[in-house]
Amino acid sequence: MTAPADAEAAENGLTRLADYLGSVLRRLRALPPLDLDLTQAYGNVLAEDVVAPHAFPAFDQAAVDGYAARWEDIAGGARGAGYVPAQSGGPGGRTVRLNVVGDLGAASWRPVRLTPGSCFSVAAGAPLPIAADVVVPVEWTDQGMAAVEIFRAPKRGYGVRRAGEEVAAGAVLAPSGTYVSPALVAVLAATGIGHVVVRPSPRVVIVATGDELVDVGRGSQPGQVVDANSHALTAAAAEAGALAYRVGICDDDPEGLRGLLEDQTLRADLIITTGGTGTGPGDMVRRILSRRDGGRAGPVTFTDVALYPGTALGFGTVGAEEVPVVCLPGDPGAAMIGFEVLARPAINLLAGAEPVFRPSVRAHLLETVSSPAGLREFRPAHVAERRGGGYTVQPLNGGPFTLSGLAEANGLLVLGERVTAAAAGSTVDVLLLDRRR
């Protein structure tokens, strides 16, 4: 079922979510690049292409423990690559006998050369002797020390890693915008790179506002609400790759809020507040930060967005440094959804990460759901892969129970502004959450 959502949203004074996100994200810029030691670069995004200064491997080397030899010396004697020696009584058939003229370890550095009929015992990672083009694994031999019998002939090039085989000098190891993973750190180090230019992880400060808030560790009484939001949003910001700092609770005091935000601009690339974004008598954040001064609009603009749960979101800048601030609702479920649709993309953009939004899939809906007309709903859901390909999605608690649904969810079911009901068996959009389970 569908409804004339755009007209309804306009009639209710709501802004389409896509339009709102576009207007906010266009005002943000990636943080200035920073040269970091490789050990500190993990988790950041490259700000420029990284080119290999050296080849990897840097020299021809053995890939396995065994005997480095010339393939011509063993090809005509030992059985072919499919031959497996008997378990007892000797291998049977023809073998090749070579003189072992030395041992080479990973630390060997003097160049040596093979002569016909000889071989070197080598460890994995050891430089190859000149003229060697095969390494016979230890288990294919009698493991001799002065001389070795080879029972099985590998193909030419077996057990050998040539210089530059994995990475050639001058090759682009990773383009700008690449996330620095542990594996990429290993590749960069292996090719001799000790520093990289990255976008730093954004420093994000989280503030919960409201006279009614009390800290965790105590039950709430009438007129009190336990502050779950600042804890949850700090964890969410850290999950998004930010350096997250929880300030805690700020009362609904105008001067106190202004002073706190001004102080936090000294250590923040982004400030996230939660609570007070509505138009009620106790919604001080909206009243304070949107207040006009000398005919000029306040530093933060609050917008009623066609979003469910939520709707009231704020964005602007504070302080002389014009640090971006995102204002989220006070309801815990709405705050978490607001973080996903607005704050997380802002963090990713500041970090230089692409794409800024969660990955999405199309999934087969397992249960009929309804959705409020004119609003884009994000409902917690469980996504599973189907045998033979594709996905299924099971809706979980949404609406006023979004917070409990999110605790079980690995995805967010997205129901557009025009959707008032989605039938079981229909295909829907789902954002995939990064949950480690």
# chains A, B, ... in the order shown; residues from 1 in each chain; ligands from 1
call {"tool": "select_by_dssp", "arguments": {"residues": "range 277-312 of chain A", "states": "alpha helix (DSSP H)", "output": "count of residues only"}}
result
6
call {"tool": "residues_around", "arguments": {"residues": "Gly416 in chain A", "least_positions_apart": "6", "cutoff": "8 Å", "atoms": "only C-alpha atoms", "output": "short mmCIF file (atom, residue, chain, number, x, y, z; two decimals) with C-alpha atoms, in the first residue's frame"}}
result
data_model
loop_
_atom_site.label_atom_id
_atom_site.label_comp_id
_atom_site.auth_asym_id
_atom_site.auth_seq_id
_atom_site.Cartn_x
_atom_site.Cartn_y
_atom_site.Cartn_z
CA LEU A 375 7.70 9.13 7.21
CA ARG A 376 10.77 7.06 6.30
CA GLU A 377 10.93 4.35 8.95
#
call {"tool": "select_by_dssp", "arguments": {"residues": "range 52-269 of chain A", "states": "strand (DSSP E or B)", "output": "VMD selection string"}}
result
chain A and resid 56 61 to 62 66 to 69 79 96 to 104 113 118 to 122 127 130 134 to 137 141 147 to 150 152 160 to 161 167 172 to 174 179 195 to 199 203 to 209 213 to 214 225 to 226 243 to 250
call {"tool": "residues_around", "arguments": {"residues": "range 315-321 of chain A", "least_positions_apart": "3", "cutoff": "6 Å", "atoms": "only C-alpha atoms", "output": "list in words"}}
result
Glu262, Pro299, Val300, Thr301, Pro324, Val325 and Val326 of chain A
call {"tool": "write_last_selection", "arguments": {"atoms": "C-alpha atoms", "output": "short mmCIF file (atom, residue, chain, number, x, y, z; two decimals), in the first residue's frame"}}
result
data_model
loop_
_atom_site.label_atom_id
_atom_site.label_comp_id
_atom_site.auth_asym_id
_atom_site.auth_seq_id
_atom_site.Cartn_x
_atom_site.Cartn_y
_atom_site.Cartn_z
CA GLU A 262 32.51 26.17 23.86
CA PRO A 299 24.44 28.56 15.25
CA VAL A 300 22.27 25.43 14.92
CA THR A 301 19.26 24.89 12.68
CA PRO A 324 30.07 20.84 13.56
CA VAL A 325 27.36 19.82 16.03
CA VAL A 326 24.66 17.20 15.51
#
